[in-house]
$ cat input08.txt   # compact mmCIF, C-alpha atoms
# COMPACT_ATOMS: atom_id res chain seq x y z
CA GLY T 107 10.74 14.47 -20.43
CA ARG T 108 10.19 10.75 -19.78
CA SER T 109 7.13 10.20 -21.99
CA ARG T 110 7.74 8.58 -25.34
CA LEU T 111 5.08 8.03 -27.96
CA VAL T 112 4.73 4.99 -30.19
CA PRO T 113 2.78 5.38 -33.44
CA VAL T 114 -0.70 3.87 -33.57
CA GLY T 115 0.44 1.51 -36.29
CA ALA T 116 2.99 -0.05 -33.94
CA GLY T 117 0.31 -1.01 -31.45
CA ARG T 118 -1.97 -2.34 -34.14
CA SER T 119 0.71 -4.49 -35.75
CA ALA T 120 1.67 -5.86 -32.35
CA ARG T 121 -1.94 -6.74 -31.66
CA GLN T 122 -2.09 -8.57 -34.96
CA ARG T 123 1.11 -10.44 -34.08
CA MET T 124 -0.30 -11.46 -30.71
CA SER T 125 -3.76 -12.46 -31.87
CA GLY T 126 -2.90 -13.92 -35.23
CA GLY T 127 -1.61 -17.44 -35.82
CA GLY T 128 -0.07 -19.88 -33.41
CA GLY T 129 -3.25 -20.63 -31.46
CA ALA T 130 -2.90 -21.65 -27.83
CA GLY T 131 0.65 -22.88 -28.35
CA GLY T 132 1.77 -19.39 -29.34
CA GLY T 133 0.37 -17.97 -26.11
CA ILE T 134 2.23 -20.56 -24.02
CA THR T 135 5.48 -19.76 -25.81
CA GLN T 136 4.96 -16.07 -25.06
CA VAL T 137 4.72 -16.71 -21.35
CA TYR T 138 8.00 -18.59 -21.17
CA GLU T 139 9.90 -16.15 -23.37
CA ARG T 140 8.66 -13.07 -21.52
CA ASN T 141 11.16 -10.99 -19.55
CA GLN T 142 9.45 -11.13 -16.17
CA GLU T 143 11.45 -8.28 -14.69
CA ALA T 144 10.29 -5.95 -17.48
CA THR T 145 6.68 -7.18 -17.34
CA ILE T 146 3.86 -5.68 -15.30
CA TYR T 147 0.51 -7.17 -14.35
CA VAL T 148 -2.48 -4.94 -15.15
CA GLY T 149 -5.73 -5.83 -13.40
CA ASN T 150 -9.32 -4.61 -12.98
CA LEU T 151 -9.64 -3.94 -16.71
CA ASP T 152 -13.01 -2.97 -18.15
CA PRO T 153 -14.37 -5.27 -20.90
CA LYS T 154 -14.15 -2.33 -23.35
CA ILE T 155 -10.35 -2.33 -23.08
CA ASP T 156 -8.53 -4.37 -25.72
CA GLU T 157 -4.88 -4.89 -26.62
CA GLU T 158 -4.76 -1.80 -28.80
CA VAL T 159 -6.16 0.54 -26.14
CA LEU T 160 -3.82 -0.91 -23.52
CA TRP T 161 -0.85 -0.62 -25.89
CA GLU T 162 -1.60 3.06 -26.65
CA LEU T 163 -1.89 3.81 -22.93
CA MET T 164 1.28 1.99 -21.86
CA ALA T 165 3.33 3.32 -24.76
CA GLN T 166 3.17 6.75 -23.09
CA CYS T 167 5.56 5.39 -20.46
CA GLY T 168 8.08 3.58 -22.67
CA PRO T 169 8.57 1.22 -25.62
CA VAL T 170 6.27 -1.80 -25.29
CA ALA T 171 7.55 -5.20 -26.42
CA ASN T 172 4.41 -7.27 -25.94
CA ILE T 173 0.89 -7.28 -24.53
CA HIS T 174 -1.07 -10.37 -23.52
CA LEU T 175 -4.72 -10.36 -22.43
CA PRO T 176 -5.82 -13.91 -21.53
CA ARG T 177 -9.17 -14.52 -23.23
CA ASP T 178 -12.03 -16.93 -22.74
CA LYS T 179 -11.78 -19.70 -25.33
CA ILE T 180 -15.54 -19.68 -25.98
CA THR T 181 -16.57 -16.01 -25.86
CA ASN T 182 -13.12 -14.54 -26.74
CA THR T 183 -13.61 -11.86 -24.07
CA HIS T 184 -10.63 -11.02 -21.87
CA GLN T 185 -10.77 -11.92 -18.19
CA GLY T 186 -10.16 -8.48 -16.70
CA TYR T 187 -6.38 -8.61 -16.49
CA GLY T 188 -3.32 -8.78 -18.68
CA PHE T 189 0.46 -8.53 -18.91
CA VAL T 190 2.48 -5.74 -20.49
CA GLU T 191 6.12 -6.40 -21.32
CA PHE T 192 8.36 -3.39 -21.83
CA LYS T 193 11.67 -3.39 -23.62
CA ASN T 194 13.53 -2.52 -20.42
CA GLU T 195 12.93 -2.88 -16.70
CA GLU T 196 13.20 0.83 -15.89
CA ASP T 197 10.13 1.62 -17.99
CA SER T 198 8.10 -1.07 -16.23
CA ASP T 199 8.97 0.41 -12.81
CA TYR T 200 8.11 3.90 -14.06
CA THR T 201 4.77 2.69 -15.42
CA ILE T 202 3.76 1.18 -12.08
CA LYS T 203 4.35 4.53 -10.36
CA ILE T 204 2.47 6.55 -12.98
CA MET T 205 -0.38 4.29 -14.14
CA ASN T 206 -1.37 2.44 -10.97
CA MET T 207 -4.96 3.36 -9.98
CA ILE T 208 -5.59 5.42 -13.14
CA ARG T 209 -9.31 5.14 -13.94
CA LEU T 210 -10.18 3.65 -17.33
CA PHE T 211 -13.87 3.50 -18.24
CA GLY T 212 -14.66 4.31 -14.61
CA LYS T 213 -12.53 1.52 -13.11
CA PRO T 214 -9.13 2.08 -11.43
CA ILE T 215 -6.61 -0.27 -13.02
CA ARG T 216 -4.09 -2.09 -10.82
CA CYS T 217 -0.45 -2.21 -11.97
CA ASN T 218 2.33 -4.15 -10.27
CA LYS T 219 5.33 -6.30 -11.13
CA SER T 220 4.33 -9.70 -12.47
CA SER T 221 7.39 -11.45 -11.04
CA HIS T 222 6.62 -13.50 -7.95
CA ASP T 223 9.80 -12.85 -6.01
CA LYS T 224 8.26 -10.03 -3.99
CA LYS T 225 6.23 -10.34 -0.82
CA THR T 226 2.57 -9.72 -1.64
CA HIS T 227 0.71 -11.57 1.12
CA GLU T 228 -1.54 -9.60 3.43
CA VAL T 229 -0.41 -9.54 7.05
CA GLY T 230 -3.48 -7.74 8.41
CA ALA T 231 -2.07 -4.20 8.31
CA ASN T 232 -5.43 -2.95 7.01
CA LEU T 233 -6.62 0.59 7.68
CA PHE T 234 -10.06 2.21 7.40
CA ILE T 235 -9.98 5.71 5.88
CA GLY T 236 -13.11 7.76 6.60
CA ASN T 237 -14.58 11.22 5.93
CA LEU T 238 -13.22 11.35 2.39
CA GLU T 239 -14.22 14.08 -0.02
CA PRO T 240 -16.13 12.75 -3.07
CA GLU T 241 -13.31 13.89 -5.36
CA VAL T 242 -10.73 11.69 -3.61
CA ASP T 243 -10.26 8.72 -5.96
CA GLU T 244 -8.26 5.51 -5.70
CA LYS T 245 -5.13 7.03 -7.23
CA MET T 246 -5.11 9.98 -4.85
CA LEU T 247 -5.64 7.62 -1.92
CA TYR T 248 -2.87 5.32 -3.15
CA ASP T 249 -0.40 8.14 -3.85
CA THR T 250 -1.09 9.79 -0.47
CA PHE T 251 -0.59 6.70 1.65
CA SER T 252 2.17 5.01 -0.37
CA ALA T 253 4.54 7.54 1.22
CA PHE T 254 4.47 5.41 4.39
CA GLY T 255 5.28 2.03 2.84
CA VAL T 256 4.36 -0.59 0.25
CA LEU T 257 0.60 -0.66 -0.36
CA LEU T 258 -0.99 -3.93 -1.38
CA PHE T 259 -4.26 -2.23 -2.31
CA ALA T 260 -6.17 1.03 -1.95
CA LYS T 261 -9.95 0.79 -2.39
CA ILE T 262 -12.68 3.41 -2.18
CA MET T 263 -16.16 2.08 -1.51
CA ARG T 264 -18.56 3.28 -4.19
CA ASP T 265 -22.28 3.17 -4.88
CA PRO T 266 -22.84 0.21 -7.22
CA ASP T 267 -25.36 2.15 -9.34
CA THR T 268 -23.79 5.60 -9.62
CA ALA T 269 -20.12 4.68 -8.92
CA GLU T 270 -19.95 7.73 -6.64
CA SER T 271 -17.72 7.57 -3.58
CA ARG T 272 -19.44 6.66 -0.32
CA GLY T 273 -16.87 8.74 1.59
CA PHE T 274 -14.68 5.97 2.96
CA GLY T 275 -12.22 3.32 1.83
CA PHE T 276 -9.62 0.77 2.87
CA ILE T 277 -5.88 0.36 2.37
CA SER T 278 -3.51 -2.48 3.23
CA TYR T 279 0.25 -2.37 3.82
CA ASP T 280 2.74 -5.21 3.71
CA THR T 281 4.03 -4.41 7.23
CA PHE T 282 2.59 -3.11 10.48
CA GLU T 283 5.42 -0.61 10.73
CA ALA T 284 4.04 1.13 7.64
CA SER T 285 0.41 1.03 8.81
CA ASP T 286 1.38 2.36 12.25
CA ALA T 287 3.26 5.23 10.62
CA ALA T 288 0.30 6.03 8.35
CA LEU T 289 -2.11 5.96 11.30
CA ALA T 290 0.10 8.27 13.36
CA GLY T 291 0.85 10.62 10.48
CA MET T 292 -2.50 10.90 8.69
CA ASN T 293 -5.31 10.61 11.26
CA GLY T 294 -6.99 14.02 11.43
CA GLN T 295 -4.94 15.42 8.53
CA PHE T 296 -6.71 17.34 5.77
CA LEU T 297 -7.16 15.72 2.36
CA CYS T 298 -8.99 17.93 -0.14
CA ASN T 299 -9.98 20.37 2.62
CA ARG T 300 -11.56 17.74 4.85
CA PRO T 301 -9.97 16.08 7.93
CA ILE T 302 -9.84 12.34 7.35
CA SER T 303 -10.10 9.65 9.99
CA VAL T 304 -7.66 6.73 9.98
CA SER T 305 -8.05 3.62 12.12
CA TYR T 306 -7.42 -0.10 11.94
CA ALA T 307 -10.22 -1.76 10.00
CA TYR T 308 -12.61 -4.24 11.57
CA LYS T 309 -11.97 -7.86 10.68
CA LYS T 310 -14.59 -9.64 8.64
CA ASP T 311 -16.86 -12.11 10.43
CA THR T 312 -15.83 -11.00 13.91
CA LYS T 313 -17.65 -9.18 16.69
CA GLY T 314 -15.95 -5.82 16.63
CA GLU T 315 -12.38 -7.16 16.47
CA ARG T 316 -9.97 -4.89 14.64
CA HIS T 317 -6.84 -5.60 12.66
CA GLY T 318 -3.53 -4.74 14.29
CA SER T 319 -3.86 -6.99 17.36
CA GLY T 320 -0.81 -8.27 19.17
CA ALA T 321 -1.39 -11.81 17.97
CA GLU T 322 -1.65 -10.65 14.35
CA ARG T 323 1.57 -8.68 14.71
CA LEU T 324 3.38 -11.67 16.18
CA ILE T 325 2.28 -13.86 13.28
CA ALA T 326 3.37 -11.20 10.79
CA ALA T 327 6.75 -10.86 12.48
CA ASN T 328 7.40 -14.58 12.35
CA ARG T 329 5.99 -15.27 8.88
CA PRO T 330 8.94 -14.04 6.77
CA ALA T 331 11.59 -15.47 9.12
CA ASN T 332 12.77 -18.15 6.68
CA GLU T 333 13.05 -15.66 3.83
CA VAL T 334 14.95 -13.26 6.05
CA LEU T 335 17.44 -15.92 7.14
CA LYS T 336 18.06 -16.95 3.53
CA ALA T 337 18.62 -13.37 2.47
CA ALA T 338 20.62 -12.51 5.63
CA ALA T 339 18.56 -9.32 5.93
CA PRO T 340 16.98 -7.97 9.12
CA ALA T 341 13.73 -6.80 7.48
CA GLY T 342 10.65 -8.10 9.25
CA LEU T 343 12.44 -8.86 12.54
CA GLY T 344 11.76 -5.49 14.13
CA SER T 345 8.95 -6.70 16.39
CA MET T 346 10.44 -10.07 17.28
CA PRO T 347 12.34 -10.76 20.53
CA PRO T 348 16.11 -11.15 20.09
CA ALA T 349 17.12 -14.66 19.00
CA PRO T 350 19.26 -16.73 21.38
CA ALA T 351 22.87 -17.32 20.43
CA PRO T 352 23.57 -20.67 18.75
CA MET T 353 25.11 -23.41 20.90
CA GLY T 354 28.85 -22.91 21.19
CA GLY T 355 28.43 -19.53 19.53
CA PHE T 356 29.55 -16.06 20.38
CA GLY T 357 29.27 -15.79 24.14
CA GLY T 358 25.57 -16.30 24.85
CA GLY T 359 24.33 -12.71 24.45
CA PRO T 360 21.41 -11.88 22.18
CA ILE T 361 22.13 -11.60 18.49
CA THR T 362 21.10 -8.25 17.05
CA PRO T 363 20.56 -8.15 13.26
CA ALA T 364 22.63 -5.60 11.42
CA GLY T 365 21.01 -2.18 11.41
CA LEU T 366 18.88 -2.80 14.54
CA ALA T 367 19.87 -1.20 17.82
CA SER T 368 20.54 -3.58 20.68
CA PRO T 369 17.95 -3.08 23.47
CA LYS T 370 19.53 -1.22 26.41
CA SER T 371 16.80 -1.59 28.99
CA GLU T 372 13.59 -3.44 29.67
CA GLY T 373 11.62 -0.51 28.26
CA ASP T 374 13.37 -0.91 24.91
CA MET T 375 12.37 -4.54 24.51
CA PRO T 376 9.64 -5.30 21.95
CA LYS T 377 6.17 -5.33 23.47
CA MET T 378 4.51 -8.72 23.53
CA PRO T 379 0.75 -9.28 23.22
CA PRO T 380 -1.28 -9.67 26.45
CA ASN T 381 -1.20 -13.10 28.13
CA MET T 382 1.89 -14.11 26.18
CA PRO T 383 4.86 -15.54 28.14
CA PRO T 384 7.93 -13.27 28.22
CA PRO T 385 10.83 -14.12 25.91
CA PRO T 386 13.31 -16.57 27.39
CA ASN T 387 16.32 -15.22 29.30
CA MET T 388 19.00 -15.18 26.66
CA GLY T 389 21.84 -15.66 29.13
CA SER T 390 20.35 -18.64 30.93
CA ALA T 391 20.93 -22.34 30.36
CA PRO T 392 19.04 -24.26 27.67
CA PRO T 393 15.44 -25.34 28.47
CA GLY T 394 15.28 -28.29 30.89
CA MET T 395 18.68 -27.52 32.44
CA PRO T 396 19.22 -25.77 35.81
CA PRO T 397 20.69 -22.22 35.94
CA PRO T 398 24.47 -21.95 36.32
CA GLY T 399 25.60 -22.93 39.82
CA MET T 400 22.55 -25.05 40.63
CA PRO T 401 22.78 -28.83 41.04
CA PRO T 402 21.26 -30.95 38.27
CA PRO T 403 17.75 -32.32 38.87
CA PRO T 404 17.51 -35.83 40.39
CA ASN T 405 16.92 -38.68 37.95

$ encode --input "input08.txt" --output "structure tokens"
Amino acid sequence: GRSRLVPVGAGRSARQRMSGGGGAGGGITQVYERNQEATIYVGNLDPKIDEEVLWELMAQCGPVANIHLPRDKITNTHQGYGFVEFKNEEDSDYTIKIMNMIRLFGKPIRCNKSSHDKKTHEVGANLFIGNLEPEVDEKMLYDTFSAFGVLLFAKIMRDPDTAESRGFGFISYDTFEASDAALAGMNGQFLCNRPISVSYAYKKDTKGERHGSGAERLIAANRPANEVLKAAAPAGLGSMPPAPAPMGGFGGGPITPAGLASPKSEGDMPKMPPNMPPPPNMGSAPPGMPPPGMPPPPN
């Protein structure tokens, strides 16, 4: 019931509007006038795809306002990606869910929001997915594992000559909580009648070191701290030790972000990587000062 068709003529006239007149200046104007929240980025496009083909595809999801494929100024060939602006934000969100990883001319296209206000950096929550049936494609892999969290990419390794699946692939989440859940929930589960193997992927240029180490998790937990404080949201703090109370604050006990349970025992405290010093005692005096009741150090 959601699909809505736009006549072929609409796409063609839009393509003429985008490609005709205005030169480079027209393209720059388009970028600044575009509604970013209703615009999606479409990547990994085959050279055979042009504005008209992309328009006809995206129009199945909702009314399209504009399409822009950046092109080489010399050869006039597009650079493998583009931007599709819909007339409303709901259709852009719907398109990302439906069209992401759809194969066009043998290549899975990548669709995501073009606005830059979302976290898209890799934290190292990369998983290896093995023993895949040949019929499992990028979209099936993406749809299966996106149930556990936000996927940054889902890639199936293919033979460069035949484009046939080599039986394994890689996925990356934006948090370790999601990758841990996927590992626990999917390792050994059947996908297309074959049990798949799920494990943390090996890091590039290392001697057998895998992603998901304690150090990597600590870096990931601390990386969004500034964003979290600005937004006053607890997301991303789950694996960090409780923060000490501010000086002259609320009693000296640990501050627990809203929505996170206060640790009740030592076993509930977040696990730190090996060889890392334990978190400071939250009830003790500031660093460099003696504990309560002890004389100050001599000068």

$ closest_residue --input "input08.txt" --among "T:Ala171, T:Ser252, T:Ile235, T:Lys179" --to "Lys203 of chain T" --atoms "all atoms listed in the file"
T:Ser252

$ atom_distance --input "input08.txt" --atom1 "atom CA of Asp280 of chain T" --atom2 "atom CA of Lys219 of chain T"
15.1 Å

$ closest_residue --input "input08.txt" --among "T:Cys217, T:Gln166, T:Ile202, T:His184" --to "Gly149 of chain T" --atoms "all atoms listed in the file"
T:Cys217

$ atom_distance --input "input08.txt" --atom1 "atom CA of Arg264 of chain T" --atom2 "atom CA of Glu322 of chain T"
28.7 Å

$ closest_residue --input "input08.txt" --among "T:Phe276, T:Trp161, T:Phe259, T:Tyr200" --to "Ser305 of chain T" --atoms "all atoms listed in the file"
T:Phe276

$ axis_aligned_box --input "input08.txt" --around "segment 295-314 of chain T" --padding-each-side "4 Å" --output "lines of an AutoDock Vina configuration file"
center_x = -11.3
center_y = 4.1
center_z = 8.3
size_x = 20.7
size_y = 40.5
size_z = 24.8

$ atom_distance --input "input08.txt" --atom1 "atom CA of Leu160 of chain T" --atom2 "atom CA of Tyr248 of chain T"
21.3 Å

$ residues_around --input "input08.txt" --residues "Met292 of chain T" --least-positions-apart "5" --cutoff "9 Å" --atoms "all atoms listed in the file" --output "list in words"
Phe251, Ala287, Ile302, Ser303 and Val304 of chain T

$ residues_around --input "input08.txt" --residues "Glu196 of chain T" --least-positions-apart "4" --cutoff "12 Å" --atoms "only C-alpha atoms" --output "list in words"
Arg108, Glu143, Ala144, Thr145, Ile146, Cys167, Gly168, Pro169, Val170, Glu191, Phe192, Tyr200, Thr201, Ile202, Lys203 and Lys219 of chain T
